[in-house]
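J.: Contents are PDB, C-alpha atoms, pLDDT in the B column; file name work.pdb:
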```
ATOM      1  CA  MET A   1      62.867 135.118 -21.449  1.00 49.00           C
ATOM      2  CA  THR A   2      59.758 133.250 -22.604  1.00 58.00           C
ATOM      3  CA  GLN A   3      60.399 134.391 -26.165  1.00 63.00           C
ATOM      4  CA  GLU A   4      63.834 132.916 -26.050  1.00 64.00           C
ATOM      5  CA  LYS A   5      62.407 129.666 -24.759  1.00 59.00           C
ATOM      6  CA  GLU A   6      59.861 129.526 -27.545  1.00 59.00           C
ATOM      7  CA  LYS A   7      62.506 130.239 -30.134  1.00 59.00           C
ATOM      8  CA  LYS A   8      64.586 127.405 -28.827  1.00 57.00           C
ATOM      9  CA  SER A   9      61.697 124.961 -28.871  1.00 57.00           C
ATOM     10  CA  VAL A  10      60.837 125.989 -32.437  1.00 54.00           C
ATOM     11  CA  GLU A  11      64.383 125.372 -33.543  1.00 58.00           C
ATOM     12  CA  LYS A  12      64.334 122.020 -31.841  1.00 58.00           C
ATOM     13  CA  GLN A  13      61.120 120.798 -33.437  1.00 61.00           C
ATOM     14  CA  GLY A  14      61.969 122.153 -36.881  1.00 66.00           C
ATOM     15  CA  LYS A  15      60.014 124.003 -39.548  1.00 68.00           C
ATOM     16  CA  ASP A  16      57.102 121.533 -39.602  1.00 71.00           C
ATOM     17  CA  ASN A  17      55.851 122.579 -36.222  1.00 76.00           C
ATOM     18  CA  HIS A  18      53.035 125.080 -36.667  1.00 76.00           C
ATOM     19  CA  SER A  19      51.777 125.273 -33.106  1.00 79.00           C
ATOM     20  CA  HIS A  20      53.409 128.659 -32.565  1.00 83.00           C
ATOM     21  CA  LEU A  21      51.680 130.198 -35.603  1.00 85.00           C
ATOM     22  CA  ASN A  22      48.483 132.217 -35.368  1.00 89.00           C
ATOM     23  CA  LEU A  23      46.159 130.356 -37.771  1.00 89.00           C
ATOM     24  CA  LYS A  24      42.900 132.014 -36.748  1.00 91.00           C
ATOM     25  CA  GLY A  25      42.425 133.780 -40.092  1.00 93.00           C
ATOM     26  CA  THR A  26      43.337 130.646 -42.051  1.00 92.00           C
ATOM     27  CA  PHE A  27      40.917 128.621 -39.956  1.00 93.00           C
ATOM     28  CA  MET A  28      38.094 131.079 -40.572  1.00 94.00           C
ATOM     29  CA  MET A  29      38.776 131.044 -44.321  1.00 95.00           C
ATOM     30  CA  VAL A  30      38.848 127.227 -44.412  1.00 93.00           C
ATOM     31  CA  MET A  31      35.529 127.051 -42.552  1.00 94.00           C
ATOM     32  CA  ALA A  32      33.993 129.739 -44.768  1.00 96.00           C
ATOM     33  CA  LEU A  33      34.996 127.835 -47.924  1.00 94.00           C
ATOM     34  CA  GLY A  34      33.675 124.581 -46.441  1.00 92.00           C
ATOM     35  CA  GLY A  35      30.421 126.305 -45.556  1.00 94.00           C
ATOM     36  CA  LEU A  36      30.098 127.694 -49.075  1.00 96.00           C
ATOM     37  CA  MET A  37      30.576 124.190 -50.532  1.00 94.00           C
ATOM     38  CA  LEU A  38      27.973 122.697 -48.180  1.00 92.00           C
ATOM     39  CA  LEU A  39      25.525 125.494 -48.953  1.00 97.00           C
ATOM     40  CA  SER A  40      25.869 125.121 -52.729  1.00 97.00           C
ATOM     41  CA  TRP A  41      25.600 121.317 -52.433  1.00 93.00           C
ATOM     42  CA  PHE A  42      22.348 121.586 -50.487  1.00 95.00           C
ATOM     43  CA  GLY A  43      21.117 124.299 -52.851  1.00 96.00           C
ATOM     44  CA  ALA A  44      21.502 121.970 -55.843  1.00 95.00           C
ATOM     45  CA  PHE A  45      20.059 119.040 -53.871  1.00 93.00           C
ATOM     46  CA  ILE A  46      16.951 120.981 -52.821  1.00 95.00           C
ATOM     47  CA  LEU A  47      16.419 122.088 -56.433  1.00 93.00           C
ATOM     48  CA  PHE A  48      16.711 118.458 -57.549  1.00 91.00           C
ATOM     49  CA  MET A  49      14.246 117.200 -54.912  1.00 91.00           C
ATOM     50  CA  GLU A  50      11.702 119.919 -55.725  1.00 90.00           C
ATOM     51  CA  ARG A  51      11.693 118.959 -59.395  1.00 89.00           C
ATOM     52  CA  MET A  52      11.284 115.223 -58.778  1.00 83.00           C
TER      53      MET A  52
ATOM     54  CA  MET B   1      50.436 119.942 -35.367  1.00 84.00           C
ATOM     55  CA  HIS B   2      48.338 123.030 -34.751  1.00 87.00           C
ATOM     56  CA  LYS B   3      44.938 122.544 -33.109  1.00 89.00           C
ATOM     57  CA  TYR B   4      43.167 124.232 -36.033  1.00 91.00           C
ATOM     58  CA  GLU B   5      44.984 122.073 -38.559  1.00 91.00           C
ATOM     59  CA  LYS B   6      43.696 118.975 -36.790  1.00 93.00           C
ATOM     60  CA  ILE B   7      40.133 120.292 -37.010  1.00 94.00           C
ATOM     61  CA  TRP B   8      40.128 121.042 -40.757  1.00 93.00           C
ATOM     62  CA  ILE B   9      42.039 117.895 -41.678  1.00 94.00           C
ATOM     63  CA  THR B  10      39.495 115.840 -39.697  1.00 95.00           C
ATOM     64  CA  LEU B  11      36.558 117.623 -41.366  1.00 93.00           C
ATOM     65  CA  GLY B  12      38.073 117.253 -44.839  1.00 93.00           C
ATOM     66  CA  THR B  13      38.889 113.576 -44.357  1.00 96.00           C
ATOM     67  CA  SER B  14      35.449 112.766 -42.945  1.00 96.00           C
ATOM     68  CA  ALA B  15      33.761 114.591 -45.857  1.00 92.00           C
ATOM     69  CA  LEU B  16      35.773 112.395 -48.238  1.00 96.00           C
ATOM     70  CA  ALA B  17      34.837 109.263 -46.268  1.00 97.00           C
ATOM     71  CA  LEU B  18      31.152 110.262 -46.249  1.00 95.00           C
ATOM     72  CA  PHE B  19      31.264 110.877 -50.012  1.00 92.00           C
ATOM     73  CA  LEU B  20      32.810 107.460 -50.665  1.00 95.00           C
ATOM     74  CA  ILE B  21      30.197 105.778 -48.441  1.00 95.00           C
ATOM     75  CA  ILE B  22      27.322 107.538 -50.273  1.00 89.00           C
ATOM     76  CA  LEU B  23      28.903 106.606 -53.619  1.00 88.00           C
ATOM     77  CA  GLY B  24      29.243 102.977 -52.499  1.00 88.00           C
ATOM     78  CA  ILE B  25      25.648 102.762 -51.272  1.00 89.00           C
ATOM     79  CA  SER B  26      24.205 104.374 -54.412  1.00 84.00           C
ATOM     80  CA  ALA B  27      26.304 102.102 -56.630  1.00 82.00           C
ATOM     81  CA  VAL B  28      25.271  98.886 -54.878  1.00 82.00           C
ATOM     82  CA  HIS B  29      21.719  99.635 -53.663  1.00 80.00           C
ATOM     83  CA  GLY B  30      20.608 102.761 -55.515  1.00 71.00           C
ATOM     84  CA  GLY B  31      20.704 101.292 -59.000  1.00 69.00           C
ATOM     85  CA  HIS B  32      23.396 103.696 -60.164  1.00 69.00           C
ATOM     86  CA  THR B  33      25.120 102.082 -63.100  1.00 65.00           C
ATOM     87  CA  PRO B  34      27.501 103.280 -65.753  1.00 64.00           C
ATOM     88  CA  ALA B  35      25.610 105.023 -68.563  1.00 59.00           C
ATOM     89  CA  ALA B  36      26.110 102.194 -71.059  1.00 59.00           C
ATOM     90  CA  SER B  37      25.128  99.288 -68.827  1.00 65.00           C
ATOM     91  CA  GLY B  38      21.641  97.873 -69.280  1.00 71.00           C
ATOM     92  CA  ILE B  39      20.608 100.576 -71.733  1.00 80.00           C
ATOM     93  CA  GLU B  40      18.556  99.492 -74.769  1.00 88.00           C
ATOM     94  CA  THR B  41      20.178  99.807 -78.179  1.00 90.00           C
ATOM     95  CA  ILE B  42      18.588 100.451 -81.570  1.00 93.00           C
ATOM     96  CA  ASN B  43      19.955 100.610 -85.108  1.00 94.00           C
ATOM     97  CA  PRO B  44      20.006 104.386 -85.776  1.00 93.00           C
ATOM     98  CA  GLU B  45      19.451 103.862 -89.511  1.00 93.00           C
ATOM     99  CA  HIS B  46      16.242 101.948 -88.848  1.00 93.00           C
ATOM    100  CA  VAL B  47      14.645 104.007 -86.074  1.00 93.00           C
ATOM    101  CA  ARG B  48      11.530 104.461 -88.244  1.00 91.00           C
ATOM    102  CA  ASP B  49      11.169 100.718 -88.702  1.00 93.00           C
ATOM    103  CA  ASP B  50      10.661 100.322 -84.978  1.00 92.00           C
ATOM    104  CA  ALA B  51       6.937 100.347 -84.191  1.00 91.00           C
ATOM    105  CA  ARG B  52       7.448 102.596 -81.163  1.00 92.00           C
ATOM    106  CA  PHE B  53       9.247 105.310 -83.095  1.00 94.00           C
ATOM    107  CA  LYS B  54       7.236 105.120 -86.313  1.00 93.00           C
ATOM    108  CA  GLU B  55       4.766 107.671 -85.011  1.00 92.00           C
ATOM    109  CA  PRO B  56       6.315 108.782 -81.736  1.00 94.00           C
ATOM    110  CA  GLY B  57       4.092 110.206 -79.017  1.00 93.00           C
ATOM    111  CA  LEU B  58       2.167 109.407 -75.862  1.00 94.00           C
ATOM    112  CA  VAL B  59       1.011 105.799 -75.520  1.00 93.00           C
ATOM    113  CA  LYS B  60      -0.900 104.136 -72.678  1.00 93.00           C
ATOM    114  CA  SER B  61       1.592 101.945 -70.863  1.00 91.00           C
ATOM    115  CA  LYS B  62       1.326  98.183 -70.739  1.00 90.00           C
ATOM    116  CA  SER B  63       3.497  98.116 -67.633  1.00 87.00           C
ATOM    117  CA  SER B  64       1.957  98.651 -64.201  1.00 88.00           C
ATOM    118  CA  ASP B  65       4.664 100.927 -62.773  1.00 89.00           C
ATOM    119  CA  HIS B  66       3.879 103.874 -65.047  1.00 92.00           C
ATOM    120  CA  ASP B  67       0.754 105.209 -66.776  1.00 94.00           C
ATOM    121  CA  TYR B  68       2.161 106.305 -70.139  1.00 95.00           C
ATOM    122  CA  ASP B  69       5.124 105.738 -72.396  1.00 95.00           C
ATOM    123  CA  LEU B  70       6.216 108.850 -74.229  1.00 96.00           C
ATOM    124  CA  TYR B  71       8.333 108.226 -77.339  1.00 96.00           C
ATOM    125  CA  PHE B  72      10.449 110.984 -78.833  1.00 96.00           C
ATOM    126  CA  VAL B  73      12.649 111.070 -81.892  1.00 96.00           C
ATOM    127  CA  ALA B  74      15.218 113.855 -81.756  1.00 95.00           C
ATOM    128  CA  SER B  75      16.643 114.588 -85.190  1.00 94.00           C
ATOM    129  CA  ALA B  76      18.293 117.544 -86.919  1.00 92.00           C
ATOM    130  CA  PHE B  77      16.656 119.967 -86.165  1.00 93.00           C
ATOM    131  CA  MET B  78      13.363 118.939 -84.618  1.00 94.00           C
ATOM    132  CA  TYR B  79      11.634 116.785 -82.073  1.00 96.00           C
ATOM    133  CA  GLU B  80       8.789 114.430 -82.911  1.00 93.00           C
ATOM    134  CA  PRO B  81       6.173 114.968 -81.593  1.00 93.00           C
ATOM    135  CA  GLY B  82       6.337 118.762 -81.631  1.00 93.00           C
ATOM    136  CA  GLU B  83       3.889 119.071 -78.756  1.00 94.00           C
ATOM    137  CA  VAL B  84       2.444 116.576 -76.269  1.00 95.00           C
ATOM    138  CA  GLU B  85      -0.465 116.796 -73.849  1.00 94.00           C
ATOM    139  CA  ILE B  86      -0.100 114.835 -70.643  1.00 95.00           C
ATOM    140  CA  PRO B  87      -2.902 114.400 -68.080  1.00 94.00           C
ATOM    141  CA  VAL B  88      -1.868 115.884 -64.743  1.00 94.00           C
ATOM    142  CA  GLY B  89      -0.836 113.380 -62.069  1.00 92.00           C
ATOM    143  CA  SER B  90       0.273 110.686 -64.491  1.00 93.00           C
ATOM    144  CA  THR B  91       3.588 108.884 -64.349  1.00 94.00           C
ATOM    145  CA  VAL B  92       5.318 108.963 -67.697  1.00 95.00           C
ATOM    146  CA  LYS B  93       8.340 107.061 -68.941  1.00 94.00           C
ATOM    147  CA  VAL B  94      10.096 109.082 -71.618  1.00 94.00           C
ATOM    148  CA  HIS B  95      12.049 107.216 -74.320  1.00 95.00           C
ATOM    149  CA  VAL B  96      14.302 109.247 -76.599  1.00 95.00           C
ATOM    150  CA  THR B  97      16.531 108.249 -79.463  1.00 95.00           C
ATOM    151  CA  SER B  98      18.215 109.922 -82.408  1.00 96.00           C
ATOM    152  CA  PRO B  99      18.519 108.741 -86.022  1.00 95.00           C
ATOM    153  CA  ASP B 100      21.406 111.072 -86.840  1.00 94.00           C
ATOM    154  CA  VAL B 101      23.725 112.864 -84.410  1.00 95.00           C
ATOM    155  CA  VAL B 102      23.858 113.397 -80.655  1.00 96.00           C
ATOM    156  CA  HIS B 103      21.085 115.693 -79.415  1.00 96.00           C
ATOM    157  CA  GLY B 104      20.062 116.896 -75.987  1.00 95.00           C
ATOM    158  CA  PHE B 105      16.692 116.394 -74.359  1.00 96.00           C
ATOM    159  CA  GLN B 106      16.085 118.803 -71.506  1.00 96.00           C
ATOM    160  CA  VAL B 107      12.612 119.409 -70.142  1.00 95.00           C
ATOM    161  CA  VAL B 108      12.892 122.838 -68.566  1.00 94.00           C
ATOM    162  CA  GLY B 109      11.846 123.001 -64.912  1.00 92.00           C
ATOM    163  CA  THR B 110      12.119 119.237 -64.354  1.00 93.00           C
ATOM    164  CA  ASN B 111      14.928 116.775 -63.689  1.00 91.00           C
ATOM    165  CA  ILE B 112      14.664 115.352 -67.199  1.00 93.00           C
ATOM    166  CA  ASN B 113      17.930 116.148 -68.929  1.00 92.00           C
ATOM    167  CA  MET B 114      19.241 113.401 -71.158  1.00 91.00           C
ATOM    168  CA  MET B 115      21.389 112.904 -74.206  1.00 91.00           C
ATOM    169  CA  ALA B 116      19.660 111.479 -77.261  1.00 93.00           C
ATOM    170  CA  GLU B 117      22.321 109.352 -78.871  1.00 93.00           C
ATOM    171  CA  PRO B 118      22.123 107.489 -82.186  1.00 94.00           C
ATOM    172  CA  GLY B 119      21.969 103.791 -81.383  1.00 90.00           C
ATOM    173  CA  LEU B 120      20.738 104.167 -77.808  1.00 92.00           C
ATOM    174  CA  ILE B 121      17.324 104.680 -76.216  1.00 93.00           C
ATOM    175  CA  SER B 122      17.565 107.003 -73.222  1.00 91.00           C
ATOM    176  CA  THR B 123      14.746 106.731 -70.679  1.00 91.00           C
ATOM    177  CA  TYR B 124      13.535 108.693 -67.680  1.00 90.00           C
ATOM    178  CA  GLU B 125      10.462 108.158 -65.572  1.00 90.00           C
ATOM    179  CA  MET B 126       8.697 110.974 -63.766  1.00 92.00           C
ATOM    180  CA  THR B 127       5.307 112.032 -62.410  1.00 93.00           C
ATOM    181  CA  PHE B 128       3.793 115.338 -63.525  1.00 94.00           C
ATOM    182  CA  ASP B 129       1.896 116.709 -60.524  1.00 92.00           C
ATOM    183  CA  GLU B 130       1.227 120.254 -61.693  1.00 92.00           C
ATOM    184  CA  THR B 131      -0.484 121.625 -64.758  1.00 93.00           C
ATOM    185  CA  GLY B 132       1.529 123.908 -66.991  1.00 94.00           C
ATOM    186  CA  GLU B 133       3.873 123.998 -69.934  1.00 95.00           C
ATOM    187  CA  HIS B 134       7.413 122.697 -70.143  1.00 96.00           C
ATOM    188  CA  LEU B 135       9.709 123.650 -72.974  1.00 96.00           C
ATOM    189  CA  ILE B 136      11.910 120.872 -74.338  1.00 97.00           C
ATOM    190  CA  LEU B 137      15.200 121.946 -75.806  1.00 95.00           C
ATOM    191  CA  CYS B 138      18.383 120.570 -77.251  1.00 96.00           C
ATOM    192  CA  ASN B 139      21.485 121.262 -75.205  1.00 94.00           C
ATOM    193  CA  GLU B 140      24.005 119.289 -77.228  1.00 95.00           C
ATOM    194  CA  TYR B 141      25.206 121.336 -80.162  1.00 95.00           C
ATOM    195  CA  CYS B 142      23.973 119.415 -83.214  1.00 95.00           C
ATOM    196  CA  GLY B 143      24.343 121.797 -86.162  1.00 93.00           C
ATOM    197  CA  VAL B 144      23.111 125.082 -87.660  1.00 95.00           C
ATOM    198  CA  GLY B 145      19.487 124.570 -86.545  1.00 94.00           C
ATOM    199  CA  HIS B 146      20.410 123.655 -82.988  1.00 96.00           C
ATOM    200  CA  ALA B 147      18.937 126.779 -81.392  1.00 94.00           C
ATOM    201  CA  ASP B 148      15.533 126.260 -83.085  1.00 94.00           C
ATOM    202  CA  MET B 149      15.192 122.665 -81.935  1.00 95.00           C
ATOM    203  CA  THR B 150      12.332 122.671 -79.432  1.00 95.00           C
ATOM    204  CA  SER B 151       9.202 120.821 -78.405  1.00 96.00           C
ATOM    205  CA  LYS B 152       6.661 121.259 -75.638  1.00 96.00           C
ATOM    206  CA  LEU B 153       5.038 119.216 -72.888  1.00 96.00           C
ATOM    207  CA  ILE B 154       1.652 120.519 -71.809  1.00 96.00           C
ATOM    208  CA  ILE B 155       0.372 119.138 -68.539  1.00 95.00           C
ATOM    209  CA  VAL B 156      -3.421 119.401 -68.649  1.00 94.00           C
ATOM    210  CA  ASP B 157      -6.419 118.632 -66.446  1.00 89.00           C
ATOM    211  CA  GLY B 158      -8.201 115.519 -67.646  1.00 76.00           C
ATOM    212  CA  GLY B 159      -6.191 115.208 -70.812  1.00 53.00           C
ATOM    213  CA  LYS B 160      -6.815 113.881 -74.288  1.00 52.00           C
ATOM    214  CA  GLU B 161      -8.909 110.943 -73.220  1.00 53.00           C
ATOM    215  CA  ASN B 162     -11.564 113.064 -71.548  1.00 47.00           C
ATOM    216  CA  ASP B 163     -11.997 115.454 -74.439  1.00 43.00           C
TER     217      ASP B 163
END
```
Let's see the structure in the file written out as structure tokens.
T.:
Amino acid sequence: MTQEKEKKSVEKQGKDNHSHLNLKGTFMMVMALGGLMLLSWFGAFILFMERM
Amino acid sequence: MHKYEKIWITLGTSALALFLIILGISAVHGGHTPAASGIETINPEHVRDDARFKEPGLVKSKSSDHDYDLYFVASAFMYEPGEVEIPVGSTVKVHVTSPDVVHGFQVVGTNINMMAEPGLISTYEMTFDETGEHLILCNEYCGVGHADMTSKLIIVDGGKEND
């Protein structure tokens, strides 16, 4: 019953609606990549400041 | 839109905004200028006619904001001077130019990493707080002798003047 309802609502809102998708893994990967960028940025910055 | 999508789009957009703000501040207040603006030029064919580069080396500065001026000529395939002693704790403004092709000027273990370009005088000011040796090397490929092109900065206690 609920599945049918969900299916209907998905059809209604079209393909662009992602709220029914499970994006937990994607989210974790996005955060991990962001963290890696921040870490390498600060790594280079600390190296720069130490050599001033 | 998914809740997670909102989070990463917000983070990504704010990182971009932060970057643009930092860029704006450093451009207007931090003295960041395009490489060619305000830089001193010199005729590369007459580098030796310039008093400063006739016998390049460490010279007591006339300016009050640094202690020494250090002049370097980077040419194929050597640096002049080949070795410099700098008293520890002194602030040095390095001036580098090239009479021939583009060379690099990297002082290993410091933030000094410039291009030595014919026609331009590249400068960098820094304080040497620790004694030790720093290798200078060329990191712009300049010809067959590129790999042998080195010099040395030796940061010493007391220095030349106290000898």
J.: Using the chain letters and numbers from the file, which residues does the PyMOL selection byres ((chain A and resi 21-31) around 8) grab, as a tab-separated table (two decimals) with C-alpha atoms, keeping the file's coordinate frame?
T.:
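See out39.tsv below for the written result:
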```tsv
chain	number	residue	atom	x	y	z
A	18	HIS	CA	53.04	125.08	-36.67
A	19	SER	CA	51.78	125.27	-33.11
A	20	HIS	CA	53.41	128.66	-32.56
A	32	ALA	CA	33.99	129.74	-44.77
A	33	LEU	CA	35.00	127.84	-47.92
A	34	GLY	CA	33.67	124.58	-46.44
A	35	GLY	CA	30.42	126.30	-45.56
B	2	HIS	CA	48.34	123.03	-34.75
B	4	TYR	CA	43.17	124.23	-36.03
B	5	GLU	CA	44.98	122.07	-38.56
B	8	TRP	CA	40.13	121.04	-40.76
```
J.: Once the PyMOL selection byres ((chain B and resi 74-78) around 10) has been evaluated on this model, what residues remain selected, and can you format them as JSON, numbers by chain?
T.: {"B": [71, 72, 73, 79, 80, 81, 82, 96, 97, 98, 99, 100, 101, 102, 103, 104, 105, 115, 116, 117, 118, 137, 138, 142, 143, 144, 145, 146, 147, 148, 149, 150, 151]}
J.: So how many Å separate atom CA of B:Leu120 and atom CA of B:Gly38, to one decimal?
T.: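 Atom CA of B:Leu120 sits 10.6 Å away from atom CA of B:Gly38.
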J.: Using only C-alpha atoms, I'd like a table of the residues in chain B that come within 12 Å of chain A; for each, show the closest atom pair and its distance in Å rounded to one decimal, ordered by chain and ascending number, as a tab-separated table.
T.:
```
residue	atom	partner	partner_atom	distance
B:Met1	CA	A:His18	CA	5.9
B:His2	CA	A:Ser19	CA	4.4
B:Lys3	CA	A:Ser19	CA	7.4
B:Tyr4	CA	A:Phe27	CA	6.3
B:Glu5	CA	A:Phe27	CA	7.8
B:Lys6	CA	A:Phe27	CA	10.5
B:Ile7	CA	A:Phe27	CA	8.9
B:Trp8	CA	A:Val30	CA	7.3
B:Ile9	CA	A:Val30	CA	10.2
B:Leu11	CA	A:Gly34	CA	9.1
B:Gly12	CA	A:Gly34	CA	8.7
B:Ala15	CA	A:Gly34	CA	10.0
B:Thr91	CA	A:Met52	CA	11.4
B:Val107	CA	A:Arg51	CA	10.8
B:Val108	CA	A:Arg51	CA	10.0
B:Gly109	CA	A:Arg51	CA	6.8
B:Thr110	CA	A:Arg51	CA	5.0
B:Asn111	CA	A:Arg51	CA	5.8
B:Ile112	CA	A:Met52	CA	9.1
B:Asn113	CA	A:Phe48	CA	11.7
B:Tyr124	CA	A:Met52	CA	11.3
B:Glu125	CA	A:Met52	CA	9.8
B:Met126	CA	A:Met52	CA	7.0
B:Thr127	CA	A:Met52	CA	7.7
B:Phe128	CA	A:Met52	CA	8.9
B:Asp129	CA	A:Met52	CA	9.7
B:Glu130	CA	A:Arg51	CA	10.8
```
J.: Write out as AutoDock Vina command-line options an axis-aligned box for stretch 119-123 of chain B: all of its atoms listed in the file, 3 Å added on each side, centre and edge lengths in Å with one decimal.
T.:
```
--center_x 18.4 --center_y 105.4 --center_z -76.0 --size_x 13.2 --size_y 9.2 --size_z 16.7
```
J.: At a cut-off of 6 Å from (22.0, 100.4, -78.2) in the coordinates of the file, what residues are picked up using all atoms listed in the file, written as a list in words?
T.: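 Residues with an atom at most 6 Å from (22.0, 100.4, -78.2): Glu40, Thr41, Ile42, Gly119 and Leu120 of chain B.
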J.: Please, what distance in Å, to one decimal, runs between atom CA of B:Val59 and atom CA of B:Glu45?
T.: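 Here the two named atoms are 23.2 Å from each other.
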J.: So the first atom is atom CA of A:Phe42 and the second is atom CA of B:Lys152; what is the distance between them in Å, to one decimal place?
T.: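 About the pair atom CA of A:Phe42 and atom CA of B:Lys152: they are 29.6 Å apart.
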J.: Kindly resolve the PyMOL selection byres ((chain B and resi 88) around 12) on the present coordinates and return the residues as an MDAnalysis selection string.
T.: chainID B and resid 67:68 85:87 89:92 126:133 153:160
